[in-house]
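Here's the structure we're looking at; comments come further down.
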2 protein chains.
Amino acid sequence: MSATATRLIALDWGTTSLRTYRLGADGVALDKRGLPWGIMNLPVVEGDFSRAAGFAKAFDEACGDWLHSNPATPLIAAGMVGSAQGWREASYVEIPLAVADVGKQLTRVDLGAGRTLHIVPGLLQRAGLPNVIRGEETQVVGALDTWQGSDEVLIGLPGTHSKWIRVQGNAQNRTMTHFDTFMTGEVYAALSQHTILGRTMEHREQSDPAAFERGLRVASSEDGRAGVLSNVFSSRTLGLVGQLGATSQPDYLSGLLIGHEIAALKATRADAGCTAEPHIILIGDDKLCARYHTALNVYGLSRIDIAAQATERGLWKIALQAGLLN
Amino acid sequence: MSATATRLIALDWGTTSLRTYRLGADGVALDKRGLPWGIMNLPVVEGDFSRAAGFAKAFDEACGDWLHSNPATPLIAAGMVGSAQGWREASYVEIPLAVADVGKQLTRVDLGAGRTLHIVPGLLQRAGLPNVIRGEETQVVGALDTWQGSDEVLIGLPGTHSKWIRVQGNAQNRTMTHFDTFMTGEVYAALSQHTILGRTMEHREQSDPAAFERGLRVASSEDGRAGVLSNVFSSRTLGLVGQLGATSQPDYLSGLLIGHEIAALKATRADAGCTAEPHIILIGDDKLCARYHTALNVYGLSRIDIAAQATERGLWKIALQAGLLN
């Protein structure tokens with residue numbers, strides 16, 4: 001088989017966008033596409049307004065030509081396409097779950113003509129307050145694919161909702177044992193756009209690293225004991241007393257929230273008896289990863305890597321786990 | 001002087017509304033009015049679009065007739081009318097401040113014809129993250145006017161921004177030593193109206209006390225260690241796993257936030273060495289005070305009173321302090 005032959009068509013199908021990958025030998029990306037057809041923004045099919053028709057049309061636009069050229073290529077998808085609002089619900093699988101077992105419970109969507117789309121399940125944590133991830137499990141598998149590091153890995157996916165996944169065990173038997181969700185990004189947006197804090201803020205293209213770091217340190221200070229609901233008000237009051245300019249307030253508030261996130265993450269780890277400093281892998285947008293890198297450093301965490309191409313590598317690996325690539 | 005003679009015209013002038021009181025002997029309210037002329041919603045004066053003209057017109061509509069009948073009556077106002085966006089800025093006074101001294105630093109607005117409006121200052125706390133109150137200081141004075149209780153009093157004013165004012169010292173020398181602000185009400189509104197949490201919520205007229213109490217207990221549970229930014233996501237995930245109905249989610253989220261507020265309040269008190277159970281006075285809307293009463297009980301605080309007419313009593317008392325009623 002030639003080095004450029006298509007081995008797998010892989011879809012990263014979220015709420016607001018659809019990314020597709022044509023993968024060759026060893027999962028090398030031969031082609032990539034991005035389309036706006038997130039599951040909440042499907043294309044319209046004249047004469048058939050069902051969601052199934054929208055999913056089928058989006059799929060066809062995203063990779064129909066690839067499939068036509070290589071009709072036997074296996075198909076795999078991860079993300080919100082497997083949610084209750086997706087093309088087919090791929091039920092949550094409970095953790096703890098071995099990283100090597102994610103591909104063992106794929107949900108099949110019959111596309112006709114003998115073709116099947118395989119959807120990766122999301123993960124559910126029932127212990128304590130329930131928690132879910134969908135899509136991030138695939139990035140975890142991808143980030144760990146070539147990882148040769150220490151026994152415990154903490155994988156962080158900052159974003160609208162930050163996810164932190166604890167992976168324990170050695171390279172032969174890595175298991176996802178716990179995860180946390182922090183609504184940091186969405187709370188930041190809601191506070192800065194829909195509360196009094198936004199009124200005194202002035203947003204600029206250029207960031208203010210000093211204000212960001214000042215915010216980061218609040219959670220670990222004595223003032224931090226008053227908690228997020230109290231601390232956020234200081235974005236306004238520091239302005240009132242002339243100690244924080246309008247253009248510094250956005251970064252200060254962002255740092256304040258991210259600092260509380262990292263402080264809480266450390267607290268839950270300590271409660272769970274995780275005393276060694278974890279090896280951390282960050283996945284996500286470069287700028288956001290850089291912000292979290294700074295935040296982790298401020299909180300004494302310095303063993304940090306940033307993973308690239310985690311999604312396509314994860315989809316490839318899960319297809320291997322599932323036996324789709326024999 | 002007759003029992004119905006006007007002794008003081010008192011204004012509670014906030015951001016969105018203006019309340020006026022005609023007070024007689026001993027501060028008894030002879031008449032009350034509510035107008036929509038908050039400082040951000042002043043009436044329009046044809047031919048003079050200055051804010052000063054708007055303030056003067058609102059004042060005249062609110063109590064011009066009372067003043068006309070009793071031209072020598074002293075005038076006092078508290079609230080946002082003294083902010084930088086108010087009629088005249090009444091600069092913040094720093095705490096610690098004796099409760100008996102609030103009336104010693106009033107700001108005067110000359111209304112012409114020998115009349116003067118006296119504006120009560122807001123209070124500023126510089127220790128730690130700065131904090132401010134404006135209007136609440138008057139309610140504190142009012143609530144303590146007839147209070148004969150224990151040495152330490154903690155005064156809670158739940159609302160869009162909850163304020164908690166610590167008052168120490170005996171009845172002869174009560175001093176406001178510390179206050180906290182929690183943006184609980186505004187954060188609740190922003191989360192339920194402008195984040196994903198709102199999408200699965202269904203609001204009902206009738207409240208769900210069990211869901212509220214369930215939310216209250218999160219902050220003190222092991223799960224609470226993950227903090228507000230993480231815990232709020234459980235409003236959605238408990239729904240996903242069928243453990244919290246859509247109509248229960250609003251009260252659950254409200255309880256979760258108020259629980260974190262009370263837990264943080266206790267933590268800051270403990271840090272300050274306040275070990276005895278405080279006597280608490282709640283001031284505010286009946287329903288909201290009832291919710292906070294429940295929350296305080298869940299967190300082991302049970303010495304609670306609810307104060308009525310705190311604003312008009314406070315304005316009367318401050319006018320006395322200032323010597324306006326000689």
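The way I read the labels, and the way they are meant: chains A, B, ... in the order of the structure tokens, residue 1 as the first residue of every chain, and ligand 1 as the first ligand shown, with later ones counted on from there.
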Item to check | Residues flagged strand (DSSP E) by DSSP in region 145-223 of chain A, as a list in words | outcome: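 Going through region 145-223 of chain A, the strand (DSSP E) residues come out as Val153, Leu154, Ile155, Gly156, Leu157, Ser162, Lys163, Trp164, Ile165, Arg166, Val167, Gln168, Thr175, Met176, Thr177, His178, Phe179, Asp180, Thr181 and Phe182 of chain A.
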Item to check | Residues of chain B within 6 Å of chain A, counting only C-alpha atoms, as number ranges by chain | outcome: B: 130-131, 181-183, 190, 226-227, 229-230, 237, 264, 268
Next on the checklist: I'd like the contact shell of Lys317 (chain A) - 12 Å cut-off, only C-alpha atoms, skipping same-chain residues fewer than 4 positions apart - returned as a ChimeraX atom specification.
Outcome noted: /A:8,10,23,26-28,76,99-104,120,137-146,310-313,321-325
Next on the checklist: I need the residue nearest Ala319 (chain A) from this list: A:Arg19, A:Leu117, A:Ser50, A:Glu61. Use only C-alpha atoms for the distance.
Outcome noted: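 Of A:Arg19, A:Leu117, A:Ser50, A:Glu61, the one nearest Ala319 (chain A), counting only C-alpha atoms, is A:Leu117.
Using only C-alpha atoms, the protein and nucleic acid residues lying no more than 10 Å from Tyr21 (chain B), apart from those fewer than 5 places from it along its own chain, are Leu8, Ile9, Ala10, Leu11, Asp12, Gly27, Val28, Ala29, Leu30, Asp31, Lys32, Arg33, Gly34, Ala62, Cys63, Trp66, Thr311, Glu312, Leu315 and Trp316 of chain B.
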Go ahead and write the selection's residues with N, CA and C atoms as an mmCIF file, in the first residue's frame.
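Written out: selection36.cif:
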```
data_model
loop_
_atom_site.group_PDB
_atom_site.id
_atom_site.type_symbol
_atom_site.label_atom_id
_atom_site.label_comp_id
_atom_site.auth_asym_id
_atom_site.auth_seq_id
_atom_site.Cartn_x
_atom_site.Cartn_y
_atom_site.Cartn_z
ATOM 1 N N LEU B 8 -38.054 65.364 59.694
ATOM 2 C CA LEU B 8 -36.952 65.042 58.782
ATOM 3 C C LEU B 8 -37.517 64.500 57.477
ATOM 4 N N ILE B 9 -36.929 64.954 56.372
ATOM 5 C CA ILE B 9 -37.234 64.339 55.076
ATOM 6 C C ILE B 9 -36.015 63.511 54.688
ATOM 7 N N ALA B 10 -36.244 62.211 54.528
ATOM 8 C CA ALA B 10 -35.142 61.268 54.355
ATOM 9 C C ALA B 10 -35.293 60.543 53.021
ATOM 10 N N LEU B 11 -34.167 60.443 52.275
ATOM 11 C CA LEU B 11 -34.217 59.828 50.939
ATOM 12 C C LEU B 11 -33.276 58.625 50.871
ATOM 13 N N ASP B 12 -33.816 57.545 50.358
ATOM 14 C CA ASP B 12 -33.030 56.340 50.078
ATOM 15 C C ASP B 12 -32.941 56.291 48.558
ATOM 16 N N GLY B 27 -38.703 59.714 64.759
ATOM 17 C CA GLY B 27 -38.439 59.028 63.497
ATOM 18 C C GLY B 27 -39.587 58.193 62.979
ATOM 19 N N VAL B 28 -40.758 58.391 63.530
ATOM 20 C CA VAL B 28 -41.921 57.632 63.043
ATOM 21 C C VAL B 28 -42.241 58.073 61.610
ATOM 22 N N ALA B 29 -42.425 57.099 60.735
ATOM 23 C CA ALA B 29 -42.717 57.423 59.335
ATOM 24 C C ALA B 29 -44.159 57.884 59.202
ATOM 25 N N LEU B 30 -44.327 59.144 58.798
ATOM 26 C CA LEU B 30 -45.660 59.709 58.615
ATOM 27 C C LEU B 30 -46.143 59.501 57.185
ATOM 28 N N ASP B 31 -45.194 59.353 56.294
ATOM 29 C CA ASP B 31 -45.536 59.233 54.882
ATOM 30 C C ASP B 31 -44.359 58.574 54.164
ATOM 31 N N LYS B 32 -44.647 57.784 53.116
ATOM 32 C CA LYS B 32 -43.591 57.142 52.325
ATOM 33 C C LYS B 32 -43.952 57.222 50.856
ATOM 34 N N ARG B 33 -42.949 57.312 50.018
ATOM 35 C CA ARG B 33 -43.193 57.300 48.580
ATOM 36 C C ARG B 33 -42.101 56.493 47.870
ATOM 37 N N GLY B 34 -42.465 55.874 46.762
ATOM 38 C CA GLY B 34 -41.483 55.206 45.920
ATOM 39 C C GLY B 34 -41.596 55.743 44.507
ATOM 40 N N ALA B 62 -40.310 64.037 44.373
ATOM 41 C CA ALA B 62 -40.336 63.073 45.470
ATOM 42 C C ALA B 62 -40.769 63.694 46.796
ATOM 43 N N CYS B 63 -40.391 64.967 47.006
ATOM 44 C CA CYS B 63 -40.685 65.537 48.326
ATOM 45 C C CYS B 63 -40.819 67.058 48.326
ATOM 46 N N TRP B 66 -43.710 68.252 50.490
ATOM 47 C CA TRP B 66 -43.435 68.145 51.934
ATOM 48 C C TRP B 66 -42.584 69.329 52.390
ATOM 49 N N THR B 311 -33.600 51.168 56.822
ATOM 50 C CA THR B 311 -33.152 52.358 56.098
ATOM 51 C C THR B 311 -33.673 53.641 56.745
ATOM 52 N N GLU B 312 -34.994 53.724 56.972
ATOM 53 C CA GLU B 312 -35.525 54.968 57.527
ATOM 54 C C GLU B 312 -35.054 55.180 58.969
ATOM 55 N N LEU B 315 -31.468 56.500 58.602
ATOM 56 C CA LEU B 315 -31.409 57.902 58.179
ATOM 57 C C LEU B 315 -31.751 58.833 59.339
ATOM 58 N N TRP B 316 -32.758 58.447 60.128
ATOM 59 C CA TRP B 316 -33.135 59.239 61.316
ATOM 60 C C TRP B 316 -31.966 59.322 62.293
#
```
Checklist entry - Which is closer to Asp286 (chain B) than all the others in B:Leu253, B:Gln85, B:Gly159, B:Met40, using only C-alpha atoms? => result B:Gly159
Item to check | Those of region 104-193 of chain B in DSSP alpha helix (DSSP H), formatted as a count of residues only | outcome: 19
Extract, using only C-alpha atoms, all DNA, RNA and protein residues at most 8 Å from Gly82 (chain A), discarding same-chain residues fewer than 4 positions from it, and format them as a compact mmCIF listing (two decimals) with all heavy atoms, in the first residue's frame.
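For reference, result.txt as written:
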```
# COMPACT_ATOMS: atom_id res chain seq x y z
N ALA A 78 -15.56 11.54 16.77
CA ALA A 78 -15.62 11.81 18.21
C ALA A 78 -16.23 13.19 18.43
O ALA A 78 -16.25 14.02 17.52
CB ALA A 78 -14.22 11.75 18.83
N GLY A 86 -26.84 14.51 19.04
CA GLY A 86 -25.97 14.19 17.92
C GLY A 86 -26.65 13.31 16.87
O GLY A 86 -27.88 13.18 16.84
N TRP A 87 -25.83 12.73 16.02
CA TRP A 87 -26.36 11.89 14.93
C TRP A 87 -26.90 10.59 15.53
O TRP A 87 -27.97 10.12 15.19
CB TRP A 87 -25.22 11.58 13.95
CG TRP A 87 -25.68 11.16 12.58
CD1 TRP A 87 -26.95 10.79 12.22
CD2 TRP A 87 -24.89 11.07 11.40
NE1 TRP A 87 -27.00 10.49 10.88
CE2 TRP A 87 -25.73 10.65 10.36
CE3 TRP A 87 -23.54 11.31 11.11
CZ2 TRP A 87 -25.27 10.46 9.05
CZ3 TRP A 87 -23.10 11.11 9.83
CH2 TRP A 87 -23.95 10.69 8.80
N ARG A 88 -26.14 10.04 16.45
CA ARG A 88 -26.56 8.84 17.19
C ARG A 88 -25.93 8.96 18.56
O ARG A 88 -24.75 9.29 18.66
CB ARG A 88 -26.03 7.58 16.48
CG ARG A 88 -26.48 6.25 17.08
CD ARG A 88 -27.95 5.94 16.84
NE ARG A 88 -28.36 6.18 15.47
CZ ARG A 88 -28.18 5.31 14.45
NH1 ARG A 88 -27.66 4.13 14.67
NH2 ARG A 88 -28.57 5.62 13.22
N GLU A 89 -26.73 8.67 19.61
CA GLU A 89 -26.16 8.81 20.95
C GLU A 89 -25.19 7.67 21.25
O GLU A 89 -25.56 6.50 21.16
CB GLU A 89 -27.27 8.87 22.00
CG GLU A 89 -26.68 9.17 23.39
CD GLU A 89 -27.75 9.51 24.43
OE1 GLU A 89 -28.95 9.49 24.10
OE2 GLU A 89 -27.37 9.80 25.57
N ALA A 90 -23.97 8.03 21.55
CA ALA A 90 -22.96 7.06 21.97
C ALA A 90 -22.87 7.19 23.48
O ALA A 90 -22.26 8.11 24.01
CB ALA A 90 -21.61 7.39 21.32
N SER A 91 -23.55 6.27 24.18
CA SER A 91 -23.72 6.41 25.63
C SER A 91 -22.40 6.57 26.35
O SER A 91 -21.39 5.99 25.96
CB SER A 91 -24.45 5.19 26.20
OG SER A 91 -25.71 5.08 25.60
N ILE A 119 -18.72 5.88 16.30
CA ILE A 119 -18.66 7.06 17.18
C ILE A 119 -18.06 6.68 18.54
O ILE A 119 -18.48 5.72 19.17
CB ILE A 119 -20.05 7.69 17.35
CG1 ILE A 119 -20.65 8.06 15.98
CG2 ILE A 119 -19.96 8.93 18.24
CD1 ILE A 119 -21.99 8.77 16.07
N VAL A 120 -17.10 7.49 18.95
CA VAL A 120 -16.40 7.28 20.21
C VAL A 120 -17.31 7.72 21.37
O VAL A 120 -17.94 8.78 21.28
CB VAL A 120 -15.09 8.10 20.23
CG1 VAL A 120 -14.35 7.95 21.56
CG2 VAL A 120 -14.20 7.71 19.05
N PRO A 121 -17.40 6.93 22.44
CA PRO A 121 -18.26 7.33 23.56
C PRO A 121 -17.65 8.45 24.39
O PRO A 121 -16.43 8.58 24.45
CB PRO A 121 -18.35 6.05 24.40
CG PRO A 121 -17.04 5.36 24.16
CD PRO A 121 -16.71 5.66 22.71
N GLY A 122 -18.50 9.22 25.04
CA GLY A 122 -18.03 10.13 26.09
C GLY A 122 -17.81 9.34 27.36
O GLY A 122 -18.16 8.16 27.46
```
Next on the checklist: What's the separation between CA of Ala77 (chain A) and CA of Thr20 (chain A), in Å to one decimal place?
Outcome noted: 8.9 Å
Checklist entry - What is the CA of Thr73 (chain B) to CA of Thr6 (chain B) distance in Å? => result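 Computing it gives 7.0 Å between the two atoms.
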Next on the checklist: Please compute the CA of Val153 (chain B)-CA of Leu216 (chain B) distance, one decimal, in Å.
Outcome noted: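 If I compute the distance from CA of Val153 (chain B) to CA of Leu216 (chain B), I get 23.2 Å.
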Next on the checklist: List as an MDAnalysis selection string the protein and nucleic acid residues near Pro43 (chain B), meaning an atom at most 9 Å away when only C-alpha atoms are counted, but skip any in the same chain fewer than 2 places from it.
Outcome noted: chainID B and resid 36:37 41 45 53:55 57:58
Next on the checklist: Taking 5 positions as the minimum chain separation for residues in the same chain, which residues sit within 12 Å of Gly149 (chain B) when counting only C-alpha atoms? Answer as a list in words.
Outcome noted: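 Result of the neighbour search: Ala143, Leu144, Leu154, Val167, Gln168, Gly169, Asn170, Ala171, Gln172, Arg174, Pro278, His279, Ile280, Ile281, Arg303, Ile304 and Asp305 of chain B.
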Checklist entry - Which is closer to Ala56 (chain B) than all the others in B:Glu94, B:Thr4, B:Thr247, B:Val109, using only C-alpha atoms? => result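 Ranking B:Glu94, B:Thr4, B:Thr247, B:Val109 by distance to Ala56 (chain B), first place goes to B:Val109.
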